[in-house]
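Source file target_21.txt; content: compact mmCIF, N, CA and C atoms.
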# COMPACT_ATOMS: atom_id res chain seq x y z
N PHE P 255 14.11 -4.18 -0.56
CA PHE P 255 13.80 -5.55 -0.19
C PHE P 255 13.20 -6.32 -1.37
N LEU P 256 12.08 -5.85 -1.90
CA LEU P 256 11.42 -6.56 -2.99
C LEU P 256 12.24 -6.57 -4.27
N ALA P 257 12.91 -5.48 -4.55
CA ALA P 257 13.66 -5.37 -5.80
C ALA P 257 14.79 -6.38 -5.90
N TYR P 258 15.24 -6.89 -4.79
CA TYR P 258 16.39 -7.81 -4.79
C TYR P 258 15.99 -9.27 -4.64
N ARG P 259 14.71 -9.57 -4.65
CA ARG P 259 14.23 -10.94 -4.55
C ARG P 259 13.74 -11.40 -5.92
N PRO P 260 14.24 -12.52 -6.42
CA PRO P 260 13.87 -12.95 -7.78
C PRO P 260 12.38 -13.21 -7.97
N TYR P 261 11.69 -13.65 -6.93
CA TYR P 261 10.27 -13.96 -7.10
C TYR P 261 9.40 -12.71 -7.16
N TYR P 262 9.96 -11.55 -6.95
CA TYR P 262 9.20 -10.30 -7.05
C TYR P 262 9.53 -9.50 -8.31
N THR P 263 10.39 -10.00 -9.16
CA THR P 263 10.81 -9.22 -10.34
C THR P 263 9.66 -8.84 -11.26
N GLU P 264 8.65 -9.69 -11.36
CA GLU P 264 7.50 -9.38 -12.23
C GLU P 264 6.75 -8.14 -11.76
N LEU P 265 6.78 -7.87 -10.47
CA LEU P 265 6.09 -6.69 -9.94
C LEU P 265 6.63 -5.40 -10.56
N PHE P 266 7.91 -5.37 -10.82
CA PHE P 266 8.53 -4.13 -11.29
C PHE P 266 8.29 -3.87 -12.78
N LYS P 267 7.54 -4.75 -13.40
CA LYS P 267 7.10 -4.53 -14.78
C LYS P 267 5.72 -3.86 -14.79
N LEU P 268 5.10 -3.77 -13.63
CA LEU P 268 3.77 -3.18 -13.51
C LEU P 268 3.84 -1.66 -13.41
N ASP P 269 2.74 -1.02 -13.78
CA ASP P 269 2.60 0.43 -13.63
C ASP P 269 2.71 0.77 -12.14
N ILE P 270 3.54 1.75 -11.81
CA ILE P 270 3.75 2.09 -10.40
C ILE P 270 2.49 2.62 -9.72
N TYR P 271 1.51 3.09 -10.51
CA TYR P 271 0.27 3.59 -9.93
C TYR P 271 -0.83 2.53 -9.84
N ASP P 272 -0.59 1.35 -10.37
CA ASP P 272 -1.61 0.30 -10.39
C ASP P 272 -1.53 -0.52 -9.10
N TYR P 273 -2.06 0.04 -8.02
CA TYR P 273 -1.97 -0.60 -6.71
C TYR P 273 -2.71 -1.93 -6.67
N LYS P 274 -3.75 -2.08 -7.49
CA LYS P 274 -4.49 -3.34 -7.52
C LYS P 274 -3.62 -4.46 -8.11
N ALA P 275 -2.93 -4.15 -9.19
CA ALA P 275 -2.04 -5.15 -9.79
C ALA P 275 -0.89 -5.48 -8.84
N TRP P 276 -0.37 -4.49 -8.15
CA TRP P 276 0.71 -4.73 -7.19
C TRP P 276 0.24 -5.61 -6.03
N ALA P 277 -0.96 -5.33 -5.53
CA ALA P 277 -1.50 -6.15 -4.43
C ALA P 277 -1.68 -7.60 -4.88
N ARG P 278 -2.24 -7.78 -6.07
CA ARG P 278 -2.42 -9.15 -6.58
C ARG P 278 -1.07 -9.80 -6.88
N GLY P 279 -0.13 -9.01 -7.38
CA GLY P 279 1.21 -9.53 -7.68
C GLY P 279 1.95 -9.96 -6.43
N LEU P 280 1.82 -9.20 -5.35
CA LEU P 280 2.44 -9.57 -4.08
C LEU P 280 1.91 -10.91 -3.59
N LYS P 281 0.59 -11.07 -3.69
CA LYS P 281 -0.03 -12.32 -3.26
C LYS P 281 0.47 -13.47 -4.13
N LYS P 282 0.47 -13.27 -5.43
CA LYS P 282 0.89 -14.30 -6.38
C LYS P 282 2.35 -14.70 -6.16
N ALA P 283 3.18 -13.73 -5.78
CA ALA P 283 4.61 -14.00 -5.57
C ALA P 283 4.88 -14.69 -4.24
N GLY P 284 3.85 -14.84 -3.41
CA GLY P 284 4.04 -15.53 -2.14
C GLY P 284 4.31 -14.63 -0.96
N TYR P 285 4.09 -13.33 -1.11
CA TYR P 285 4.35 -12.40 -0.03
C TYR P 285 3.46 -12.67 1.17
N ALA P 286 2.24 -13.09 0.92
CA ALA P 286 1.28 -13.33 2.01
C ALA P 286 0.64 -14.71 1.86
N THR P 287 0.29 -15.31 2.97
CA THR P 287 -0.37 -16.62 2.92
C THR P 287 -1.89 -16.51 2.96
N ASP P 288 -2.42 -15.38 3.36
CA ASP P 288 -3.87 -15.19 3.41
C ASP P 288 -4.41 -15.15 1.98
N PRO P 289 -5.34 -16.04 1.63
CA PRO P 289 -5.88 -16.05 0.26
C PRO P 289 -6.58 -14.74 -0.11
N LYS P 290 -7.03 -13.98 0.88
CA LYS P 290 -7.74 -12.73 0.60
C LYS P 290 -6.84 -11.51 0.81
N TYR P 291 -5.53 -11.73 0.88
CA TYR P 291 -4.58 -10.65 1.14
C TYR P 291 -4.77 -9.49 0.16
N ALA P 292 -4.78 -9.78 -1.15
CA ALA P 292 -4.88 -8.71 -2.15
C ALA P 292 -6.17 -7.92 -1.98
N ASP P 293 -7.27 -8.61 -1.79
CA ASP P 293 -8.55 -7.93 -1.62
C ASP P 293 -8.57 -7.06 -0.36
N LYS P 294 -8.00 -7.57 0.72
CA LYS P 294 -7.95 -6.79 1.96
C LYS P 294 -7.08 -5.56 1.81
N LEU P 295 -5.93 -5.73 1.17
CA LEU P 295 -5.02 -4.61 0.97
C LEU P 295 -5.66 -3.54 0.07
N ILE P 296 -6.29 -3.97 -1.01
CA ILE P 296 -6.96 -3.03 -1.92
C ILE P 296 -8.07 -2.29 -1.18
N SER P 297 -8.82 -2.99 -0.36
CA SER P 297 -9.90 -2.38 0.42
C SER P 297 -9.37 -1.29 1.35
N ILE P 298 -8.27 -1.55 2.02
CA ILE P 298 -7.67 -0.56 2.92
C ILE P 298 -7.17 0.65 2.13
N ILE P 299 -6.51 0.39 1.02
CA ILE P 299 -5.99 1.48 0.18
C ILE P 299 -7.13 2.38 -0.29
N GLU P 300 -8.23 1.78 -0.72
CA GLU P 300 -9.34 2.57 -1.23
C GLU P 300 -10.12 3.26 -0.11
N ARG P 301 -10.33 2.58 1.00
CA ARG P 301 -11.09 3.17 2.10
C ARG P 301 -10.41 4.43 2.62
N TYR P 302 -9.09 4.40 2.73
CA TYR P 302 -8.36 5.54 3.30
C TYR P 302 -7.66 6.39 2.23
N GLU P 303 -7.96 6.12 0.96
CA GLU P 303 -7.42 6.89 -0.17
C GLU P 303 -5.89 6.94 -0.15
N LEU P 304 -5.28 5.84 0.20
CA LEU P 304 -3.82 5.80 0.30
C LEU P 304 -3.14 5.91 -1.06
N TYR P 305 -3.86 5.64 -2.13
CA TYR P 305 -3.31 5.80 -3.47
C TYR P 305 -2.86 7.23 -3.73
N LYS P 306 -3.44 8.17 -3.00
CA LYS P 306 -3.02 9.58 -3.15
C LYS P 306 -1.58 9.79 -2.67
N LEU P 307 -1.11 8.93 -1.79
CA LEU P 307 0.26 9.06 -1.29
C LEU P 307 1.29 8.71 -2.36
N ASP P 308 0.90 7.93 -3.36
CA ASP P 308 1.82 7.59 -4.44
C ASP P 308 2.35 8.84 -5.13
N LYS P 309 1.44 9.72 -5.50
CA LYS P 309 1.85 10.95 -6.18
C LYS P 309 2.69 11.83 -5.26
N GLN P 310 2.30 11.90 -3.99
CA GLN P 310 3.06 12.70 -3.04
C GLN P 310 4.48 12.15 -2.92
N ALA P 311 4.61 10.85 -2.81
CA ALA P 311 5.93 10.22 -2.65
C ALA P 311 6.79 10.43 -3.89
N LEU P 312 6.16 10.51 -5.05
CA LEU P 312 6.91 10.69 -6.30
C LEU P 312 7.11 12.16 -6.66
N GLY P 313 6.70 13.05 -5.74
CA GLY P 313 6.94 14.47 -5.96
C GLY P 313 6.03 15.11 -6.98
N GLU P 314 4.88 14.49 -7.25
CA GLU P 314 3.94 15.03 -8.21
C GLU P 314 2.82 15.78 -7.49
N LYS P 315 2.02 16.53 -8.25
CA LYS P 315 0.90 17.24 -7.66
C LYS P 315 -0.10 16.21 -7.13
N TYR P 316 -0.60 16.43 -5.93
CA TYR P 316 -1.49 15.47 -5.30
C TYR P 316 -2.58 16.17 -4.50
N GLU P 317 -3.65 15.42 -4.22
CA GLU P 317 -4.72 15.91 -3.36
C GLU P 317 -4.39 15.51 -1.93
N PRO P 318 -4.58 16.40 -0.99
CA PRO P 318 -4.31 16.05 0.41
C PRO P 318 -5.26 14.95 0.88
N ILE P 319 -4.80 14.14 1.82
CA ILE P 319 -5.66 13.11 2.39
C ILE P 319 -5.86 13.38 3.87
N ASN P 320 -6.82 12.70 4.45
CA ASN P 320 -7.14 12.86 5.86
C ASN P 320 -6.21 11.96 6.68
N TYR P 321 -5.12 12.52 7.17
CA TYR P 321 -4.14 11.74 7.92
C TYR P 321 -4.71 11.20 9.23
N SER P 322 -5.64 11.91 9.84
CA SER P 322 -6.17 11.44 11.12
C SER P 322 -6.88 10.10 10.98
N SER P 323 -7.55 9.86 9.85
CA SER P 323 -8.21 8.57 9.66
C SER P 323 -7.18 7.45 9.50
N ILE P 324 -6.05 7.76 8.90
CA ILE P 324 -5.00 6.76 8.74
C ILE P 324 -4.37 6.44 10.10
N VAL P 325 -4.17 7.46 10.90
CA VAL P 325 -3.61 7.26 12.23
C VAL P 325 -4.54 6.37 13.05
N ARG P 326 -5.85 6.63 12.97
CA ARG P 326 -6.81 5.78 13.70
C ARG P 326 -6.74 4.34 13.20
N LEU P 327 -6.63 4.15 11.89
CA LEU P 327 -6.51 2.81 11.32
C LEU P 327 -5.28 2.10 11.88
N LEU P 328 -4.15 2.79 11.88
CA LEU P 328 -2.92 2.17 12.35
C LEU P 328 -2.97 1.86 13.84
N ARG P 329 -3.63 2.70 14.61
CA ARG P 329 -3.76 2.45 16.04
C ARG P 329 -4.65 1.25 16.32
N ARG P 330 -5.69 1.08 15.50
CA ARG P 330 -6.61 -0.04 15.70
C ARG P 330 -6.05 -1.35 15.16
N ALA P 331 -5.14 -1.28 14.25
CA ALA P 331 -4.63 -2.49 13.60
C ALA P 331 -3.95 -3.40 14.61
N LYS P 332 -4.29 -4.67 14.53
CA LYS P 332 -3.65 -5.65 15.40
C LYS P 332 -2.40 -6.22 14.74
N ARG P 333 -2.34 -6.11 13.43
CA ARG P 333 -1.18 -6.57 12.68
C ARG P 333 -0.69 -5.42 11.82
N ARG P 334 0.54 -5.54 11.39
CA ARG P 334 1.10 -4.49 10.52
C ARG P 334 0.96 -4.91 9.07
N TYR P 335 -0.05 -4.36 8.40
CA TYR P 335 -0.24 -4.64 6.98
C TYR P 335 0.49 -3.59 6.15
N LEU P 336 0.59 -2.40 6.69
CA LEU P 336 1.22 -1.30 5.97
C LEU P 336 2.18 -0.58 6.89
N ILE P 337 3.21 -0.04 6.32
CA ILE P 337 4.10 0.83 7.08
C ILE P 337 4.11 2.16 6.34
N CYS P 338 3.62 3.18 7.02
CA CYS P 338 3.53 4.50 6.39
C CYS P 338 4.49 5.46 7.07
N TYR P 339 5.19 6.23 6.28
CA TYR P 339 6.06 7.25 6.83
C TYR P 339 5.42 8.60 6.54
N PHE P 340 5.19 9.37 7.57
CA PHE P 340 4.57 10.66 7.41
C PHE P 340 5.58 11.76 7.70
N GLN P 341 5.55 12.77 6.85
CA GLN P 341 6.40 13.92 7.10
C GLN P 341 5.83 14.71 8.27
N LYS P 342 4.51 14.82 8.30
CA LYS P 342 3.87 15.62 9.34
C LYS P 342 2.46 15.08 9.54
N ILE P 343 2.07 14.85 10.77
CA ILE P 343 0.72 14.37 11.06
C ILE P 343 -0.03 15.47 11.79

How does the structure come out when it is put into structure tokens?
Amino acid sequence: FLAYRPYYTELFKLDIYDYKAWARGLKKAGYATDPKYADKLISIIERYELYKLDKQALGEKYEPINYSSIVRLLRRAKRRYLICYFQKI
């Protein structure tokens, strides 16, 4: 989706592990209208250590994360800020 939209091309010049730059870049590109979108997204990523999933998704050595806390987050969420695919919960 993002790779094929011209207003998101700058994102793909960023380091794939730099979630803060990606969050700010998404906001700058117009992905979200909330002025605090990047800060909220970064806060969620850090609170639940979702950055650890980057290495897992790329097939690199990673530290396990607490999936139950993520499940609770997703159940409590009133809006869909993130879509996570889990192999096993």

Exercise. Rank nothing, just name the residue among P:Phe255, P:Tyr316, P:Phe266, P:Tyr261 nearest to Ala283 of chain P, using only N, CA and C atoms.
Key: P:Tyr261

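Taking atom N of Asp272 of chain P and atom N of Asp308 of chain P as the two end points, the separation is 9.7 Å.
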
Self-check item: 8 Å contact set for Ile296 of chain P, only C-alpha atoms, chain neighbours under 4 positions out, as a ChimeraX atom specification
Solution: /P:273-274,277,292,300

Exercise. Mind the document's chain letters and residue numbers, and return as number ranges by chain the residues of segment 263-331 of chain P that DSSP labels alpha helix (DSSP H).
Key: P: 273-282, 291-301, 306-311, 321-330

Self-check item: Å distance separating atom C of Ala311 of chain P from atom N of Thr287 of chain P, one decimal place
Solution: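 Straight-line distance from atom C of Ala311 of chain P to atom N of Thr287 of chain P works out to 27.4 Å.
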
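Atom C of Ala275 of chain P to atom N of Glu314 of chain P spans 20.8 Å [interatomic distance, one decimal].
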
(-3.8, -7.9, 0.3) in this file's frame - what residues fall within 8 Å of it? Use all atoms listed in the file and give the answer as a short mmCIF file (atom, residue, chain, number, x, y, z; two decimals) with N, CA and C atoms, keeping the file's coordinate frame.
data_model
loop_
_atom_site.label_atom_id
_atom_site.label_comp_id
_atom_site.auth_asym_id
_atom_site.auth_seq_id
_atom_site.Cartn_x
_atom_site.Cartn_y
_atom_site.Cartn_z
N TRP P 276 -0.37 -4.49 -8.15
CA TRP P 276 0.71 -4.73 -7.19
C TRP P 276 0.24 -5.61 -6.03
N ALA P 277 -0.96 -5.33 -5.53
CA ALA P 277 -1.50 -6.15 -4.43
C ALA P 277 -1.68 -7.60 -4.88
N ARG P 278 -2.24 -7.78 -6.07
CA ARG P 278 -2.42 -9.15 -6.58
C ARG P 278 -1.07 -9.80 -6.88
N LEU P 280 1.82 -9.20 -5.35
CA LEU P 280 2.44 -9.57 -4.08
C LEU P 280 1.91 -10.91 -3.59
N LYS P 281 0.59 -11.07 -3.69
CA LYS P 281 -0.03 -12.32 -3.26
C LYS P 281 0.47 -13.47 -4.13
N ALA P 286 2.24 -13.09 0.92
CA ALA P 286 1.28 -13.33 2.01
C ALA P 286 0.64 -14.71 1.86
N ASP P 288 -2.42 -15.38 3.36
CA ASP P 288 -3.87 -15.19 3.41
C ASP P 288 -4.41 -15.15 1.98
N PRO P 289 -5.34 -16.04 1.63
CA PRO P 289 -5.88 -16.05 0.26
C PRO P 289 -6.58 -14.74 -0.11
N LYS P 290 -7.03 -13.98 0.88
CA LYS P 290 -7.74 -12.73 0.60
C LYS P 290 -6.84 -11.51 0.81
N TYR P 291 -5.53 -11.73 0.88
CA TYR P 291 -4.58 -10.65 1.14
C TYR P 291 -4.77 -9.49 0.16
N ALA P 292 -4.78 -9.78 -1.15
CA ALA P 292 -4.88 -8.71 -2.15
C ALA P 292 -6.17 -7.92 -1.98
N ASP P 293 -7.27 -8.61 -1.79
CA ASP P 293 -8.55 -7.93 -1.62
C ASP P 293 -8.57 -7.06 -0.36
N LYS P 294 -8.00 -7.57 0.72
CA LYS P 294 -7.95 -6.79 1.96
C LYS P 294 -7.08 -5.56 1.81
N LEU P 295 -5.93 -5.73 1.17
CA LEU P 295 -5.02 -4.61 0.97
C LEU P 295 -5.66 -3.54 0.07
N ILE P 296 -6.29 -3.97 -1.01
CA ILE P 296 -6.96 -3.03 -1.92
C ILE P 296 -8.07 -2.29 -1.18
N SER P 297 -8.82 -2.99 -0.36
CA SER P 297 -9.90 -2.38 0.42
C SER P 297 -9.37 -1.29 1.35
N ILE P 298 -8.27 -1.55 2.02
CA ILE P 298 -7.67 -0.56 2.92
C ILE P 298 -7.17 0.65 2.13
#
